[in-house]
Protein chains: 4
Amino acid sequence: MSKGTVVLAYSGGLDTSCILVWLKEQGYDVIAYLANIGQDEDFEAARKKAESLGAKKIFIEDLRKEFVEDFIWPSVQANAVYEDRYLMGTAIARPCIARRQVEIARKEGAQFVSHGATGKGNDQIRFELTCYALYPEVKIIAPWRIPEFYNRFRGRKDLMEYAQKFGIPVPVTPKAPWSMDANLMHISYESGILENPKSQAPPDLYLMTKNPADSPNEPDVLEMEFRNGVPIKVTNETNGISKNAPLEIFSYLNEIGGKHGVGRIDIVENRFIGMKSRGIYETPGGTILLKAHLDIETFTMDKEVRRIKQGLGIKFSELVYNGFWYSPECDFVRHCIAKSQENVEGKVQLSVFKGQVYILGRESPKSLYNEELVRWVNFLGNVCVCLESSCVRLTPEALWAGSALTKVGKKPSIWLSIST
Amino acid sequence: MSKGTVVLAYSGGLDTSCILVWLKEQGYDVIAYLANIGQDEDFEAARKKAESLGAKKIFIEDLRKEFVEDFIWPSVQANAVYEDRYLMGTAIARPCIARRQVEIARKEGAQFVSHGATGKGNDQIRFELTCYALYPEVKIIAPWRIPEFYNRFRGRKDLMEYAQKFGIPVPVTPKAPWSMDANLMHISYESGILENPKSQAPPDLYLMTKNPADSPNEPDVLEMEFRNGVPIKVTNETNGISKNAPLEIFSYLNEIGGKHGVGRIDIVENRFIGMKSRGIYETPGGTILLKAHLDIETFTMDKEVRRIKQGLGIKFSELVYNGFWYSPECDFVRHCIAKSQENVEGKVQLSVFKGQVYILGRESPKSLYNEELVRWVNFLGNVCVCLESSCVRLTPEALWAGSALTKVGKKPSIWLSIST
Amino acid sequence: MSKGTVVLAYSGGLDTSCILVWLKEQGYDVIAYLANIGQDEDFEAARKKAESLGAKKIFIEDLRKEFVEDFIWPSVQANAVYEDRYLMGTAIARPCIARRQVEIARKEGAQFVSHGATGKGNDQIRFELTCYALYPEVKIIAPWRIPEFYNRFRGRKDLMEYAQKFGIPVPVTPKAPWSMDANLMHISYESGILENPKSQAPPDLYLMTKNPADSPNEPDVLEMEFRNGVPIKVTNETNGISKNAPLEIFSYLNEIGGKHGVGRIDIVENRFIGMKSRGIYETPGGTILLKAHLDIETFTMDKEVRRIKQGLGIKFSELVYNGFWYSPECDFVRHCIAKSQENVEGKVQLSVFKGQVYILGRESPKSLYNEELVRWVNFLGNVCVCLESSCVRLTPEALWAGSALTKVGKKPSIWLSIST
Amino acid sequence: MSKGTVVLAYSGGLDTSCILVWLKEQGYDVIAYLANIGQDEDFEAARKKAESLGAKKIFIEDLRKEFVEDFIWPSVQANAVYEDRYLMGTAIARPCIARRQVEIARKEGAQFVSHGATGKGNDQIRFELTCYALYPEVKIIAPWRIPEFYNRFRGRKDLMEYAQKFGIPVPVTPKAPWSMDANLMHISYESGILENPKSQAPPDLYLMTKNPADSPNEPDVLEMEFRNGVPIKVTNETNGISKNAPLEIFSYLNEIGGKHGVGRIDIVENRFIGMKSRGIYETPGGTILLKAHLDIETFTMDKEVRRIKQGLGIKFSELVYNGFWYSPECDFVRHCIAKSQENVEGKVQLSVFKGQVYILGRESPKSLYNEELVRWVNFLGNVCVCLESSCVRLTPEALWAGSALTKVGKKPSIWLSIST
């Protein structure tokens with residue numbers, strides 16, 4: 001008799017294939033769940049493989065659109081960057097994947113979910129906190145933390161032998177000397193030869209971005225249009241190509257960013273438990289978006305609101321990095337950040353070239369930038385204003401009024417009247 | 001009889017030349033003070049001009065070394081960036097210039113200082129707050145805020161006429177359609193045609209950095225060595241050139257950064273009084289340093305200390321931008337930040353290429369990165385540890401101990417003992 | 001011909017009576033506006049006085065209800081305390097008064113507003129920032145900053161002479177040797193003999209609270225009920241008296257707090273411009289509310305949300321103290337704080353006695369306190385849990401799950417399942 | 001043969017007496033360590049009991065002085081309050097106790113330390129993090145987390161039986177229906193009948209403070225003198241009693257605070273893991289000190305430094321509550337806070353009466369309060385300043401200068417000169 005049904009986050013790789021078979025061996029019915037969040041994968045081959053291994057059902061879910069809209073977009077609004085550099089492509093993917101997994105578990109009446117996350121800390125936490133938050137009664141089977149499993153599979157060799165024994169197709173290409181995590185947002189590279197923080201990344205490591213040295217000698221010039229702090233349109237001014245659906249916009253930014261080698265970083269970061277870890281990341285589209293959003297945000301947001309929101313963005317990044325996307329505090333912070341974006345609207349012109357993103361200009365109907373005011377203040381401070389033969393100086397009243405008026409983008413006529 | 005002695009911050013340009021003569025006209029003795037903070041200037045010509053205009057004494061002071069050591073270095077320690085983008089090359093220069101000016105005023109027994117800062121807000125505030133902080137009894141003469149002056153000089157034409165009348169040499173080259181502020185750290189461009197936030201900067205605007213499109217097709221690879229959070233040596237691994245005095249290091253970074261087009265930004269920023277302003281900046285050496293320092297800092301600093309210090313760095317940037325370098329709160333924040341840098345030590349390898357700085361690797365005797373620990377934790381989480389035939393799991397004790405140990409860079413032998 | 005119409009914030013006192021007449025003298029039509037925000041005042045006498053002085057119209061507006069609902073309630077939600085001690089009774093009254101004043105000005109077609117605020121800094125700023133924010137085109141006449149006025153009235157003697165000359169009734173009681181500001185929230189005392197920070201407040205200074213030494217020897221025991229972080233009902237358990245409308249609730253808390261001498265403080269605070277100032281305050285009802293709200297908030301709010309909200313509350317207090325109630329940043333912060341209060345609901349029992357408020361207990365349908373969980377965790381940590389003959393220990397999974405579950409107030413059954 | 005030596009934190013109570021015997025049973029040599037941190041205890045009886053139970057050595061250490069100087073004083077400097085209300089008397093005692101325990105372990109060559117902390121979370125963490133931080137190689141034996149122990153002792157009954165069997169003296173007084181933790185700083189009460197957050201504390205619960213209802217009808221008036229943010233002298237102005245050594249000062253404040261019923265609170269707090277817990281505390285001396293320090297600090301510290309320091313104090317409180325006294329981040333924060341206290345110096349007069357502390361006045365040689373300046377600014381803003389027949393107004397320059405000058409406590413003569 002079955003012990004119950006498990007929804008297994010299945011990748012098609014050696015580890016989760018062995019886990020699938022092992023779970024069956026333990027007496028569970030296994031539903032294989034494979035999330036398409038933009039990684040380069042042969043999903044049909046994975047389906048066939050899962051079938052052949054005895055999965056009761058197989059769900060291959062295209063989550064790319066919701067990944068962009070529900071996870072990347074809020075991160076763009078937050079200018080989410082962990083420890084000043086990492087754009088968190090992995091951290092924001094985990095709650096997206098786990099959210100659907102527990103939806104499937106609920107729908108299919110499964111009491112269990114399972115994953116092949118190793119115990120390096122961040123990912124299992126991100127995954128499981130999402131599951132508990134959205135389906136508190138669920139039971140999580142984490143084989144790499146179960147003695148019966150890890151005693152049996154003490155290394156890759158054990159997995160290979162098990163695979164051969166149970167007819168699990170074995171990968172023929174040799175494993176890269178590092179590990180990778182890929183999705184629409186980024187590819188991360190870590191472990192293996194990269195664990196030595198001094199050893200440089202080999203040039204052929206990167207899969208998503210071209211080497212800037214080999215990238216085109218002509219820039220692409222884009223116009224990004226934002227509303228509510230998220231992009232609603234991107235136009236390539238070089239060739240007129242234009243996109244306006246979230247997934248299409250983001251994919252196009254990846255294409256352009258990748259073509260010009262944008263978004264490569266090599267960092268040491270602090271993991272959840274305090275341990276330092278070296279990671280190499282490429283985040284082409286996300287990097288373009290971060291720069292463009294920073295620009296339109298500063299252009300349209302009140303200075304002091306921006307300061308408060310900046311602090312909330314840093315908090316958001318810490319929470320998301322640590323796996324707390326679905327938590328009361330992250331809900332709260334996301335709500336506040338979204339509120340701050342109501343007027344973040346307008347167009348940014350930028351050039352993408354040789355690994356860099358250059359902001360060229362911006363415009364907005366909601367701008368708090370007042371060109372007339374700039375001229376007027378420059379003039380006022382510089383040479384003074386003479387009005388009705390009475391000289392105006394910057395009095396405290398004018399300063400106070402000025403601050404208030406600047407904020408609402410008003411013309412400074414009032415300054416004159418109060419100061420004469 | 002003289003009204004007293006004024007130390008005038010003199011640039012050699014039309015404005016401050018007119019101010020010099022006008023101050024004499026008003027009955028003051030004028031000491032001309034010209035600070036060399038790395039701008040491209042003919043200081044001897046300026047000296048002769050001041051002499052010819054009747055300056056009582058002339059001080060041309062080379063402040064480049066102290067600008068680097070006392071102002072740029074603390075900003076590097078702070079990762080000082082205003083509103084996520086601006087490295088504040090102008091903001092940190094003002095207190096440096098004014099500090100020497102009031103030293104001269106004290107030494108020469110001058111009761112007055114004067115400057116030609118226009119009333120755009122930030123710079124006059126930065127300048128005058130420094131003067132009041134370091135020489136509270138000083139009296140500041142700000143001609144552009146004095147009716148007798150600004151009524152007389154209502155535009156450039158008035159200045160030109162005055163110059164001709166009093167034999168002040170008049171500039172022959174036409175004025176650029178924007179204003180500039182240059183020093184060792186950066187050049188800023190604003191006003192004029194740049195006031196329209198949408199209009200793009202002309203390609204020939206930049207003086208300090210090469211256009212990345214025209215920059216070399218080969219990178220320079222540098223090794224930066226840090227101690228106490230500031231660079232103590234830079235070595236070009238491409239050609240063996242090496243620098244180890246602060247001014248030489250920073251100048252060399254400017255040279256390399258400039259050669260490869262590093263550090264150009266086009267932003268809209270929020271000024272002190274809340275008004276938005278568009279500025280274009282190039283900060284070649286400072287940009288390289290920021291990236292390198294961020295890397296070695298994260299590598300050597302405890303995670304939680306880093307979070308607290310990050311907040312202090314943001315505060316520091318706001319204070320410095322707003323002119324409060326010499327204030328109790330900025331003293332306090334600088335003290336705290338300096339304390340945080342005691343272990344920020346080690347070497348960063350980086351590549352400078354086509355406008356970008358790529359971190360390649362890092363090493364440090366004070367690193368909290370523990371390669372052995374990384375492997376061990378990966379292993380522990382992954383496959384478990386078997387020790388004396390007893391399986392170890394990540395218990396809460398291990399997590400607590402791990403956090404503590406990781407922080408001090410200790411080997412995790414204790415984990416084993418407490419968990420078995 | 002009239003220069004236009006001024007809405008004057010009129011108090012009925014000597015200063016604003018003189019200002020009323022002086023404004024007429026200057027050629028303005030004057031509308032007298034007197035806000036009732038709970039101060040002890042003979043409003044009808046003030047009306048008659050204004051009439052006799054030639055006010056074109058007189059508005060005596062009872063703002064007490066909106067003062068409580070729109071200004072005190074948001075401050076309660078924020079736990080608003082400036083510099084750890086001051087509950088800001090004056091700071092929150094200013095925007096309330098000025099808001100109605102500009103409403104009247106708009107309705108009556110007046111282009112001007114005027115006030116008698118002296119230049120001590122905080123109040124004129126709070127007043128005028130509100131006016132500019134809500135009626136940017138308004139022109140503010142601040143007589144105490146106008147040379148024609150302050151040259152004429154160089155002291156109280158000049159005002160008295162002017163009053164006699166123009167038939168303005170002169171106060172007969174001698175002025176107290178300090179100044180006062182009274183409203184529903186508090187009375188503040190400062191200046192005069194209180195300027196010496198060492199001299200103690202005379203015992204007869206306080207008007208709103210009884211001396212705790214003379215207060216009743218029996219406490220009043222109250223039950224405060226909250227919803228959305230504001231009180232919706234107060235019941236005196238001693239005598240069954242109950243109130244449930246905002247103004248009645250707050251007035252009753254003032255009565256009880258006043259009776260028991262609650263809310264007296266003597267502090268030195270930092271004013272807007274940085275100058276320190278000594279103030280003595282009594283805030284009876286506000287103090288009870290602060291304590292009760294802190295208790296129900298901690299009881300019902302997630303720990304981490306609370307930490308973030310605590311920071312926002314400190315920001316809110318700074319903004320309000322400095323006069324920025326109507327500013328984009330304060331709107332933003334208020335919105336975020338209100339969001340955090342959605343589950344702040346329940347009842348607090350407290351005792352008011354001899355100047356103190358003692359929390360006795362609390363209960364809430366939205367509580368995150370889980371008595372069963374408390375017992376269970378105590379038990380779990382203490383003696384361990386034996387289930388199906390397998391011992392459970394607090395594993396990392398349990399800790400993570402526990403955090404998540406505790407937050408949603410769930411029972412920890414899941415802990416058992418994942419840990420066995 | 002011995003398994004090694006354990007230093008056991010021994011209280012003399014039933015639990016740790018059983019642990020002592022059980023450790024011997026397991027083959028360890030046991031050193032009993034009893035810290036005197038001010039709790040009411042018969043230390044000699046405890047020594048005899050430990051001897052009779054077979055402790056190899058017994059250390060009874062009077063840590064009261066170092067508890068005050070090294071733990072309470074830094075908390076006073078920080079205005080340390082957890083979640084706006086709890087003064088953390090337990091949290092700061094744990095690192096003090098554990099610090100000496102590992103000192104003894106090192107000195108005696110013991111590889112093990114042990115404690116009887118139950119698994120309620122906070123205390124075992126605080127204890128063990130200190131041990132690991134100061135003696136990373138130490139091995140911790142936490143019996144209540146060891147199956148062999150907790151399986152044997154499933155309740156109080158098992159402990160009693162074990163005690164009888166091994167001749168351990170059994171307590172004759174019945175256990176209170178709550179648990180207590182007492183030291184010089186406070187007594188805490190929790191668990192048992194207090195777990196219901198609505199049930200009120202029984203009146204006879206408190207041991208350290210008198211019921212305010214029964215407290216004297218006359219206040220004690222104290223003068224507290226501070227230097228570097230800590231008290232250096234307390235004088236009772238009522239009777240001339242004076243203390244000036246740290247332990248004597250703190251003990252005297254406890255006496256006075258206890259006599260007048262100061263420092264009782266009933267709260268629900270958020271524990272480390274997020275669970276809410278109800279606690280009742282009495283902190284008489286600590287409460288007086290907090291109020292007095294807040295006053296002298298605001299009086300002597302620059303406004304903006306205070307804001308930054310306030311944030312660091314909140315961080316400090318979170319860290320200490322969570323057990324991270326000995327951590328890099330807490331070291332850093334303590335260093336910064338201590339720096340901020342350099343000018344926190346002067347005398348505060350206060351009255352202690354019926355559960356309350358009333359600040360009466362303050363004075364300081366380092367005060368930034370400038371009575372002359374207060375008068376001058378009031379005058380300036382109010383009626384204007386006439387000087388040499390020229391009227392001065394508050395110009396922006398004056399405001400800037402004023403901010404700067406106020407901070408350094410200077411006289412505002414400069415304002416006149418720049419503004420006329």
# chains A, B, ... in the order shown; residues from 1 in each chain; ligands from 1

call {"tool": "select_by_dssp", "arguments": {"residues": "region 27-169 of chain A", "states": "strand (DSSP E or B)", "output": "ChimeraX atom specification"}}
result
/A:28-36,57-62,82,86,112-114,139-141

call {"tool": "closest_atom_pairs", "arguments": {"of": "region 261-368 of chain C", "to": "region 295-307 of chain D", "cutoff": "9 Å", "atoms": "only C-alpha atoms", "output": "JSON lines"}}
result
{"residue": "C:Ile267", "atom": "CA", "partner": "D:Asp295", "partner_atom": "CA", "distance": 6.8}
{"residue": "C:Val268", "atom": "CA", "partner": "D:Phe299", "partner_atom": "CA", "distance": 6.1}
{"residue": "C:Glu269", "atom": "CA", "partner": "D:Thr298", "partner_atom": "CA", "distance": 6.8}
{"residue": "C:Asn270", "atom": "CA", "partner": "D:Lys303", "partner_atom": "CA", "distance": 5.9}
{"residue": "C:Arg271", "atom": "CA", "partner": "D:Lys303", "partner_atom": "CA", "distance": 8.5}
{"residue": "C:Gly274", "atom": "CA", "partner": "D:Lys303", "partner_atom": "CA", "distance": 6.2}
{"residue": "C:Met275", "atom": "CA", "partner": "D:Lys303", "partner_atom": "CA", "distance": 8.3}
{"residue": "C:Lys276", "atom": "CA", "partner": "D:Phe299", "partner_atom": "CA", "distance": 7.5}

call {"tool": "residues_around", "arguments": {"residues": "region 333-346 of chain D", "least_positions_apart": "6", "cutoff": "7 Å", "atoms": "only C-alpha atoms", "output": "count of residues only"}}
result
19

call {"tool": "closest_residue", "arguments": {"among": "C:Ile187, C:Ile146, C:Met180, C:Val170", "to": "chain D", "atoms": "only C-alpha atoms"}}
result
C:Ile146

call {"tool": "select_by_dssp", "arguments": {"residues": "region 202-322 of chain A", "states": "helix (DSSP H, G or I)", "output": "PyMOL selection string"}}
result
chain A and resi 203-205+212-214+246-259+284-300+303-321

call {"tool": "closest_residue", "arguments": {"among": "D:Ser351, D:Asn217, D:Thr287, D:Thr173", "to": "Thr238 (chain D)", "atoms": "only C-alpha atoms"}}
result
D:Ser351

call {"tool": "atom_distance", "arguments": {"atom1": "CA of Tyr10 (chain A)", "atom2": "CA of Glu61 (chain A)"}}
result
11.4 Å

call {"tool": "residues_around", "arguments": {"residues": "Leu23 (chain C)", "least_positions_apart": "3", "cutoff": "10 Å", "atoms": "only C-alpha atoms", "output": "list in words"}}
result
Lys3, Thr5, Val6, Leu8, Ser17, Cys18, Ile19, Leu20, Gln26, Gly27, Tyr28, Asp29, Val30, Ser114, Ile141, Pro143 and Phe149 of chain C

call {"tool": "write_last_selection", "arguments": {"atoms": "N, CA, C and O atoms", "output": "CSV table (one decimal), in the first residue's frame"}}
result
chain,number,residue,atom,x,y,z
C,3,LYS,N,-6.5,95.4,-0.2
C,3,LYS,CA,-5.3,94.7,-0.8
C,3,LYS,C,-5.7,93.2,-1.0
C,3,LYS,O,-4.9,92.5,-1.5
C,5,THR,N,-8.0,89.6,0.9
C,5,THR,CA,-8.6,89.1,2.2
C,5,THR,C,-7.5,88.1,2.8
C,5,THR,O,-6.9,87.3,2.1
C,6,VAL,N,-7.4,88.3,4.1
C,6,VAL,CA,-6.5,87.4,4.9
C,6,VAL,C,-7.3,86.6,5.8
C,6,VAL,O,-8.2,87.1,6.5
C,8,LEU,N,-6.8,85.0,9.2
C,8,LEU,CA,-5.9,85.1,10.3
C,8,LEU,C,-6.2,84.0,11.3
C,8,LEU,O,-7.3,83.9,11.8
C,17,SER,N,-4.7,89.8,18.4
C,17,SER,CA,-5.6,91.0,18.3
C,17,SER,C,-4.9,92.2,17.7
C,17,SER,O,-5.5,92.8,16.8
C,18,CYS,N,-3.7,92.4,18.1
C,18,CYS,CA,-3.0,93.5,17.5
C,18,CYS,C,-2.7,93.2,16.0
C,18,CYS,O,-2.8,94.1,15.2
C,19,ILE,N,-2.4,92.0,15.7
C,19,ILE,CA,-2.2,91.6,14.3
C,19,ILE,C,-3.4,91.9,13.5
C,19,ILE,O,-3.4,92.4,12.3
C,20,LEU,N,-4.6,91.5,14.0
C,20,LEU,CA,-5.8,91.7,13.3
C,20,LEU,C,-6.0,93.2,12.9
C,20,LEU,O,-6.2,93.5,11.8
C,26,GLN,N,-3.2,98.0,7.3
C,26,GLN,CA,-2.4,97.8,6.1
C,26,GLN,C,-3.2,97.7,4.9
C,26,GLN,O,-2.7,97.6,3.8
C,27,GLY,N,-4.5,97.6,5.1
C,27,GLY,CA,-5.4,97.6,3.9
C,27,GLY,C,-6.0,96.3,3.6
C,27,GLY,O,-6.6,96.1,2.5
C,28,TYR,N,-5.9,95.3,4.4
C,28,TYR,CA,-6.5,94.0,4.2
C,28,TYR,C,-7.9,93.8,4.8
C,28,TYR,O,-8.1,94.4,5.9
C,29,ASP,N,-8.7,93.0,4.2
C,29,ASP,CA,-9.9,92.5,4.9
C,29,ASP,C,-9.5,91.3,5.7
C,29,ASP,O,-8.7,90.4,5.2
C,30,VAL,N,-9.9,91.2,6.9
C,30,VAL,CA,-9.5,90.2,7.8
C,30,VAL,C,-10.6,89.2,8.2
C,30,VAL,O,-11.6,89.7,8.7
C,114,SER,N,-2.5,84.3,7.6
C,114,SER,CA,-1.6,85.0,8.5
C,114,SER,C,-1.6,84.2,9.8
C,114,SER,O,-2.6,83.6,10.2
C,141,ILE,N,1.3,85.8,5.3
C,141,ILE,CA,1.8,87.0,6.0
C,141,ILE,C,2.1,86.6,7.4
C,141,ILE,O,1.3,86.3,8.2
C,143,PRO,N,3.6,88.4,10.3
C,143,PRO,CA,4.0,89.7,10.8
C,143,PRO,C,5.3,89.8,11.6
C,143,PRO,O,6.1,90.7,11.4
C,149,PHE,N,6.2,95.5,10.8
C,149,PHE,CA,5.6,95.1,12.0
C,149,PHE,C,6.5,95.0,13.2
C,149,PHE,O,6.3,95.6,14.3

call {"tool": "atom_distance", "arguments": {"atom1": "CA of Val21 (chain B)", "atom2": "CA of Leu53 (chain B)"}}
result
6.5 Å

call {"tool": "atom_distance", "arguments": {"atom1": "CA of Gly313 (chain B)", "atom2": "CA of Glu282 (chain B)"}}
result
21.3 Å
